[in-house]
Each structure stands twice: as structure tokens, then as C-alpha cells.
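Shown next: work33.cif, containing mmCIF, C-alpha atoms and all ligand atoms.
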```cif
data_query
#
loop_
_atom_site.label_atom_id
_atom_site.label_comp_id
_atom_site.auth_asym_id
_atom_site.auth_seq_id
_atom_site.Cartn_x
_atom_site.Cartn_y
_atom_site.Cartn_z
CA MET A 144 -10.16 -2.56 1.56
CA LYS A 145 -7.71 -2.14 -1.29
CA PHE A 146 -4.40 -3.97 -0.96
CA PHE A 147 -1.29 -2.11 -2.12
CA LEU A 148 2.18 -3.59 -2.14
CA ASP A 149 4.83 -1.45 -0.47
CA THR A 150 7.83 -2.35 -2.59
CA ALA A 151 9.74 -1.40 -5.72
CA ASN A 152 10.99 -4.97 -6.21
CA LEU A 153 9.70 -6.38 -9.49
CA ASP A 154 9.93 -10.06 -8.50
CA GLU A 155 7.84 -9.44 -5.39
CA LEU A 156 5.33 -7.48 -7.45
CA ARG A 157 5.02 -10.23 -10.07
CA LYS A 158 4.53 -12.92 -7.40
CA ALA A 159 1.81 -11.01 -5.53
CA ALA A 160 0.13 -9.75 -8.71
CA ALA A 161 -0.27 -13.38 -9.84
CA TRP A 162 -2.55 -13.96 -6.81
CA GLY A 163 -4.90 -11.36 -8.29
CA ILE A 164 -5.24 -9.38 -5.07
CA VAL A 165 -2.96 -6.39 -5.61
CA ASP A 166 -4.82 -3.13 -6.27
CA GLY A 167 -1.83 -0.82 -6.37
CA VAL A 168 1.74 -0.09 -5.28
CA THR A 169 3.45 2.41 -3.00
CA THR A 170 7.11 3.26 -3.29
CA ASN A 171 9.33 5.73 -1.49
CA PRO A 172 12.86 7.00 -2.19
CA SER A 173 14.38 4.35 0.15
CA LEU A 174 12.57 1.50 -1.64
CA ILE A 175 13.59 2.81 -5.08
CA ALA A 176 17.22 3.23 -3.95
CA LYS A 177 17.22 -0.39 -2.72
CA GLU A 178 16.56 -1.56 -6.31
CA GLY A 179 19.36 0.62 -7.71
CA VAL A 180 17.35 1.76 -10.75
CA ALA A 181 16.46 5.40 -11.54
CA MET A 182 13.05 6.44 -10.19
CA GLU A 183 11.33 7.05 -13.56
CA ASP A 184 12.56 3.78 -15.08
CA GLN A 185 11.53 1.69 -12.09
CA ILE A 186 8.09 3.34 -11.87
CA ARG A 187 7.54 2.63 -15.58
CA ARG A 188 8.39 -1.06 -15.02
CA ILE A 189 6.06 -1.24 -12.02
CA CYS A 190 3.22 0.25 -14.11
CA ASP A 191 3.72 -2.58 -16.61
CA ILE A 192 3.15 -5.18 -13.88
CA VAL A 193 0.32 -3.75 -11.76
CA ASP A 194 -2.75 -2.02 -13.17
CA GLY A 195 -3.71 0.27 -10.29
CA ASP A 196 -2.57 3.36 -8.43
CA ILE A 197 1.25 3.51 -8.31
CA SER A 198 2.69 6.06 -5.87
CA ALA A 199 5.95 7.73 -6.90
CA GLU A 200 7.54 10.16 -4.45
CA VAL A 201 9.30 13.44 -5.18
CA VAL A 202 12.75 14.02 -3.69
CA SER A 203 12.69 17.85 -3.64
CA THR A 204 11.67 19.76 -0.52
CA GLU A 205 10.81 23.14 -2.08
CA ALA A 206 7.30 23.65 -3.50
CA ASN A 207 8.22 24.83 -7.02
CA GLU A 208 10.69 21.97 -7.41
CA MET A 209 8.13 19.49 -6.07
CA ILE A 210 5.57 20.78 -8.59
CA ARG A 211 8.05 20.40 -11.46
CA GLU A 212 9.01 16.91 -10.30
CA GLY A 213 5.38 15.95 -9.65
CA ARG A 214 4.26 16.96 -13.16
CA LYS A 215 7.11 14.90 -14.63
CA LEU A 216 6.26 11.83 -12.55
CA ALA A 217 2.56 12.12 -13.43
CA LYS A 218 3.46 12.00 -17.13
CA ILE A 219 5.11 8.55 -16.80
CA HIS A 220 1.76 6.72 -16.78
CA LYS A 221 -1.92 7.49 -16.16
CA ASN A 222 -1.83 5.34 -12.98
CA VAL A 223 0.91 7.35 -11.28
CA VAL A 224 -0.07 9.06 -8.04
CA VAL A 225 2.46 11.69 -6.95
CA LYS A 226 3.65 11.32 -3.38
CA LEU A 227 4.51 14.48 -1.42
CA PRO A 228 5.80 14.73 2.16
CA LEU A 229 3.62 16.37 4.79
CA ILE A 230 5.65 19.55 5.20
CA ARG A 231 4.57 23.14 4.49
CA GLU A 232 6.07 23.12 1.00
CA GLY A 233 4.49 19.72 0.32
CA ILE A 234 1.01 20.95 1.25
CA LYS A 235 1.51 24.03 -0.96
CA ALA A 236 2.53 21.79 -3.88
CA CYS A 237 -0.41 19.47 -3.12
CA SER A 238 -2.93 22.34 -3.40
CA ILE A 239 -1.53 23.40 -6.77
CA LEU A 240 -1.05 19.95 -8.32
CA SER A 241 -4.47 18.72 -7.11
CA LYS A 242 -6.13 21.66 -8.85
CA GLU A 243 -4.37 20.58 -12.07
CA GLY A 244 -6.00 17.15 -11.70
CA ILE A 245 -2.82 15.37 -10.59
CA ARG A 246 -3.62 12.85 -7.86
CA ILE A 247 -1.55 13.32 -4.69
CA ASN A 248 -0.65 10.91 -1.91
CA VAL A 249 0.48 12.94 1.10
CA THR A 250 2.98 10.85 3.01
CA LEU A 251 4.70 10.82 6.42
CA CYS A 252 1.51 11.67 8.31
CA PHE A 253 1.70 11.20 12.07
CA SER A 254 -1.24 13.21 13.44
CA GLY A 255 -4.91 14.00 12.87
CA GLY A 256 -4.06 17.68 12.39
CA GLN A 257 -1.65 16.82 9.58
CA ALA A 258 -4.33 14.63 7.98
CA LEU A 259 -6.75 17.59 8.05
CA LEU A 260 -4.18 19.77 6.26
CA ALA A 261 -3.77 17.16 3.50
CA ALA A 262 -7.52 16.80 3.00
CA LYS A 263 -7.96 20.58 2.87
CA ALA A 264 -5.22 20.73 0.21
CA GLY A 265 -7.17 18.26 -1.96
CA ALA A 266 -5.06 15.13 -1.39
CA TYR A 267 -6.32 11.99 -3.12
CA ILE A 268 -4.68 9.80 -0.46
CA ILE A 269 -3.30 10.38 3.05
CA SER A 270 -0.63 7.97 4.34
CA PRO A 271 -0.49 7.66 8.13
CA PHE A 272 2.51 5.53 9.23
CA ILE A 273 1.42 3.01 11.87
CA GLY A 274 4.59 0.98 12.48
CA ARG A 275 6.78 4.03 12.93
CA LEU A 276 4.41 5.36 15.64
CA ASP A 277 4.47 1.95 17.38
CA ASP A 278 8.28 2.13 17.20
CA ILE A 279 8.28 5.24 19.42
CA GLY A 280 5.87 3.73 21.92
CA THR A 281 2.55 5.20 20.72
CA GLU A 282 -0.47 3.19 19.57
CA GLY A 283 -0.26 3.81 15.79
CA MET A 284 -3.67 2.30 15.09
CA ASN A 285 -5.40 5.09 17.03
CA LEU A 286 -4.29 7.46 14.30
CA ILE A 287 -6.12 5.45 11.63
CA ARG A 288 -9.27 5.49 13.77
CA ASP A 289 -8.98 9.27 14.33
CA ILE A 290 -8.44 10.11 10.65
CA VAL A 291 -11.30 7.86 9.49
CA THR A 292 -13.62 9.62 11.98
CA ILE A 293 -12.41 13.12 11.07
CA TYR A 294 -12.79 12.53 7.32
CA ARG A 295 -16.25 10.96 7.78
CA ASN A 296 -17.39 13.92 9.90
CA TYR A 297 -16.75 16.29 7.00
CA ASN A 298 -17.18 13.96 4.01
CA PHE A 299 -13.61 14.54 2.84
CA PRO A 300 -13.06 12.36 -0.25
CA THR A 301 -9.37 11.77 0.66
CA GLN A 302 -8.69 8.03 1.00
CA VAL A 303 -6.98 6.77 4.16
CA LEU A 304 -4.04 4.54 3.31
CA ALA A 305 -2.70 2.67 6.33
CA ALA A 306 1.08 2.62 5.77
CA SER A 307 4.09 1.23 7.60
CA LEU A 308 2.14 -1.97 8.29
CA ARG A 309 4.46 -4.56 9.78
CA SER A 310 2.21 -7.55 10.53
CA PRO A 311 -1.05 -9.30 9.55
CA LEU A 312 -2.56 -7.90 12.76
CA HIS A 313 -1.82 -4.36 11.54
CA VAL A 314 -3.69 -5.18 8.30
CA VAL A 315 -6.75 -6.59 10.07
CA GLU A 316 -6.89 -3.76 12.62
CA SER A 317 -6.63 -1.16 9.82
CA ALA A 318 -9.51 -2.87 8.01
CA LYS A 319 -11.58 -2.85 11.21
CA ALA A 320 -10.83 0.85 11.65
CA GLY A 321 -12.15 1.53 8.13
CA ALA A 322 -8.94 2.38 6.24
CA HIS A 323 -9.71 2.45 2.51
CA ILE A 324 -6.29 1.03 1.61
CA GLY A 325 -3.57 -0.92 3.36
CA THR A 326 -0.08 -0.94 1.93
CA MET A 327 2.22 -3.74 3.03
CA PRO A 328 5.56 -5.31 2.23
CA PHE A 329 5.50 -8.64 0.36
CA LYS A 330 6.41 -10.46 3.59
CA VAL A 331 3.23 -9.21 5.29
CA ILE A 332 0.86 -9.99 2.41
CA ASP A 333 2.42 -13.48 2.25
CA MET A 334 1.95 -14.00 6.01
CA LEU A 335 -1.78 -13.25 5.67
CA PHE A 336 -2.21 -16.68 4.06
CA ASN A 337 -0.84 -18.62 7.02
CA HIS A 338 -2.96 -20.60 9.47
CA PRO A 339 -1.94 -23.93 10.98
CA LEU A 340 -5.54 -25.21 10.89
CA THR A 341 -5.70 -24.61 7.13
CA ASP A 342 -2.58 -26.74 6.61
CA LYS A 343 -3.73 -29.43 9.06
CA GLY A 344 -7.25 -29.54 7.54
CA LEU A 345 -6.01 -29.79 3.96
CA ASP A 346 -3.56 -32.52 4.88
CA GLN A 347 -6.38 -34.57 6.44
CA PHE A 348 -8.78 -34.00 3.49
CA LEU A 349 -6.21 -35.25 1.03
CA LYS A 350 -5.19 -38.23 3.19
CA ASP A 351 -8.85 -39.30 3.55
CA TYR A 352 -9.54 -38.89 -0.17
CA ASN A 353 -6.43 -40.65 -1.38
CA LYS A 354 -6.95 -43.55 1.03
CA VAL A 355 -10.29 -44.42 -0.62
CA PHE A 356 -9.80 -43.41 -4.23
CA GLN A 357 -6.26 -44.56 -4.75
CA GLU A 358 -7.36 -48.04 -3.56
CA THR A 359 -10.49 -47.91 -5.81
CA THR A 360 -8.33 -46.95 -8.79
CA VAL A 361 -6.01 -49.85 -8.09
CA LEU A 362 -8.97 -52.29 -7.78
CA SER A 363 -10.68 -51.09 -11.00
CA LYS A 364 -7.56 -51.61 -13.11
C1 LIG A 401 4.31 3.84 2.52
O1 LIG A 401 3.99 4.52 1.60
C2 LIG A 401 5.67 3.82 3.08
O2 LIG A 401 6.56 3.70 2.05
C3 LIG A 401 5.90 2.64 4.00
O3 LIG A 401 4.69 2.03 4.38
C4 LIG A 401 6.85 2.89 5.11
O4 LIG A 401 6.99 1.71 5.86
P1 LIG A 401 8.16 1.52 6.94
O5 LIG A 401 7.87 2.39 8.10
O6 LIG A 401 8.08 0.05 7.31
O7 LIG A 401 9.44 1.88 6.24
#
```
For this file, write the structure as C-alpha cells.
Amino acid sequence: MKFFLDTANLDELRKAAAWGIVDGVTTNPSLIAKEGVAMEDQIRRICDIVDGDISAEVVSTEANEMIREGRKLAKIHKNVVVKLPLIREGIKACSILSKEGIRINVTLCFSGGQALLAAKAGAYIISPFIGRLDDIGTEGMNLIRDIVTIYRNYNFPTQVLAASLRSPLHVVESAKAGAHIGTMPFKVIDMLFNHPLTDKGLDQFLKDYNKVFQETTVLSK
């Protein structure tokens, strides 16, 4: 499973990239706005930090405008993946841009039928939003399972990116369901490290070691 960071914050990206486990980045207009830097500039900076797929989303809602914006975003860096919303105009733009060789991440997917549309339009990535489905009282993870099954049935090459992941459990369940990619905020990737038995075990190892070898060092001096 590839790990993407769902943030446009450069400090968070640097910290997680230093662990050597970040395969890419997803952004959206809300995340870019939070950083207060123009989309193209921030995407360029992100590409300098992480060497992997970097999703940059269009803000137009009309196909011709999306295509113009998408071509411009794709020119920023070879790693840019253009993100389009799963609306009629977005699917139209996806079909055209995909044929030009521009890689498309179709976002805001909330059903298997929508995922089929994206795959048929040649999407490189589909982004089903788990947390937002949980928020309205539906089991978001079922959508990941459904899309993985549907794509496998027809050998669609579109990668399933589990998005809107809010907890380590979401990450593990997405991996079990066979999602190719999980995108998560820094807080979630950081939480994946935590286990009380790891801390307790390490504490004991070091206590045991230091008890013997610190005394030996003192004696041998
Ligand atoms: C992914 O591409 C989306 O930007 C993101 O996962 C949305 O997450 P949220 O529902 O927590 O805002």
C-alpha cells in the first residue's frame, strides 16, 4: 500500500518525508487555502520535498475550464496528478485529459457507480472518501471493498486511493480491503507509530542493558 500525505503544509511534509515512508501527496482547495499560498506556488514547493505523485485540484466546474486548468497544473512538474471532481463536467474533462496522457485523480467519490464512471473515463486514481461517509452514518469502508472488487472484476487499471482517513484503524482496514493507496493527514500517519507495549518494552530493554553495562564501564575504568 502506498502512503500519501493529505496536506499542503510544508513542515508536516518535511517531517513525514524524513521517515522515508511517504510515496506521494494529496491536496485539495481547502488544504491549499489553509496555507495561504497560491496553488501553483505551493504545489511547486511540495514537488521539491516529495518525489512521488502530487495531486493538485482544479477549481473550475466547467469542462473546458477544467481542461485548461488541468493542462496548466500538469506543466508544473512531471509528478503532478490533476484532481477533478466527480461531476459530469469532471468526467468529460477526465476522458479528454487522460487521452492526452495527463494523469487524473477523480475525487469526491461516494459510490461504486461513480467509481465505474471514473474508471471508464481513464482515471489514473479514484478517491473514495471514507470519513465523510462515516460522518453521515454509513459504513465508509464498504465502499473501498466494493470498488476494489468492481475494478478487479474488469481489470481496470485505475488505482483505489482511500481518502478522508481519520484514524489508524481506517488505514489498516483500507489496506485489508486492498486499496492501492491510503492518503492521511500528518496526525494519522504519526498515530500509526503508537503502541504502549513498544514504549514499555523499549524502556525495559534499555534499563536492563544500562544496569549491567554502565556498572561494567565504571568497574573497568
Ligand atoms: C483527499 O484527497 C481529500 O483531500 C481528503 O482525504 C479529504 O479528507 P477530509 O474528509 O478529512 O477533509
Please, which residues are within 12 Å of (-6.2, 5.9, 17.9) by the file's coordinates, counting only C-alpha atoms, and could they come as an MDAnalysis selection string?
chainID A and resid 253:255 271 273 276:277 281:293 316:317 320
Check every protein, DNA and RNA residue against ligand LIG 401 (chain A), keep those with an atom at most 8 Å away (counting all atoms listed in the file), and present them as a ChimeraX atom specification.
/A:149-150,169-171,174,198,250-251,270,272-275,305-309,326-328
Give me a file of those residues, with C-alpha atoms, as a PDB file, keeping the file's coordinate frame.
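Listed below is the output, result.pdb:
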```
ATOM      1  CA  ASP A 149       4.830  -1.450  -0.470  1.00  0.00           C
ATOM      2  CA  THR A 150       7.830  -2.350  -2.590  1.00  0.00           C
ATOM      3  CA  THR A 169       3.450   2.410  -3.000  1.00  0.00           C
ATOM      4  CA  THR A 170       7.110   3.260  -3.290  1.00  0.00           C
ATOM      5  CA  ASN A 171       9.330   5.730  -1.490  1.00  0.00           C
ATOM      6  CA  LEU A 174      12.570   1.500  -1.640  1.00  0.00           C
ATOM      7  CA  SER A 198       2.690   6.060  -5.870  1.00  0.00           C
ATOM      8  CA  THR A 250       2.980  10.850   3.010  1.00  0.00           C
ATOM      9  CA  LEU A 251       4.700  10.820   6.420  1.00  0.00           C
ATOM     10  CA  SER A 270      -0.630   7.970   4.340  1.00  0.00           C
ATOM     11  CA  PHE A 272       2.510   5.530   9.230  1.00  0.00           C
ATOM     12  CA  ILE A 273       1.420   3.010  11.870  1.00  0.00           C
ATOM     13  CA  GLY A 274       4.590   0.980  12.480  1.00  0.00           C
ATOM     14  CA  ARG A 275       6.780   4.030  12.930  1.00  0.00           C
ATOM     15  CA  ALA A 305      -2.700   2.670   6.330  1.00  0.00           C
ATOM     16  CA  ALA A 306       1.080   2.620   5.770  1.00  0.00           C
ATOM     17  CA  SER A 307       4.090   1.230   7.600  1.00  0.00           C
ATOM     18  CA  LEU A 308       2.140  -1.970   8.290  1.00  0.00           C
ATOM     19  CA  ARG A 309       4.460  -4.560   9.780  1.00  0.00           C
ATOM     20  CA  THR A 326      -0.080  -0.940   1.930  1.00  0.00           C
ATOM     21  CA  MET A 327       2.220  -3.740   3.030  1.00  0.00           C
ATOM     22  CA  PRO A 328       5.560  -5.310   2.230  1.00  0.00           C
TER      23      PRO A 328
END
```
I need the residue nearest A:Leu240 from this list: A:Gln185, A:Asn207, A:Gln357, A:Asn222. Use all atoms listed in the file for the distance.
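Looking only at the distances to A:Leu240, the closest residue turns out to be A:Asn207.
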Leaving out A:Ser203 and any residue of its chain fewer than 3 positions from it, which residues lie within 12 Å of it when counting all atoms listed in the file, given as a ChimeraX atom specification?
/A:172,200,206-213,226-228,230,232-233,236
Separation of atom CA of A:Ile269 and atom CA of A:Phe299, in Å?
11.1 Å
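For the pair atom CA of A:Val201 and atom CA of A:Asn152, the interatomic distance is 18.5 Å.
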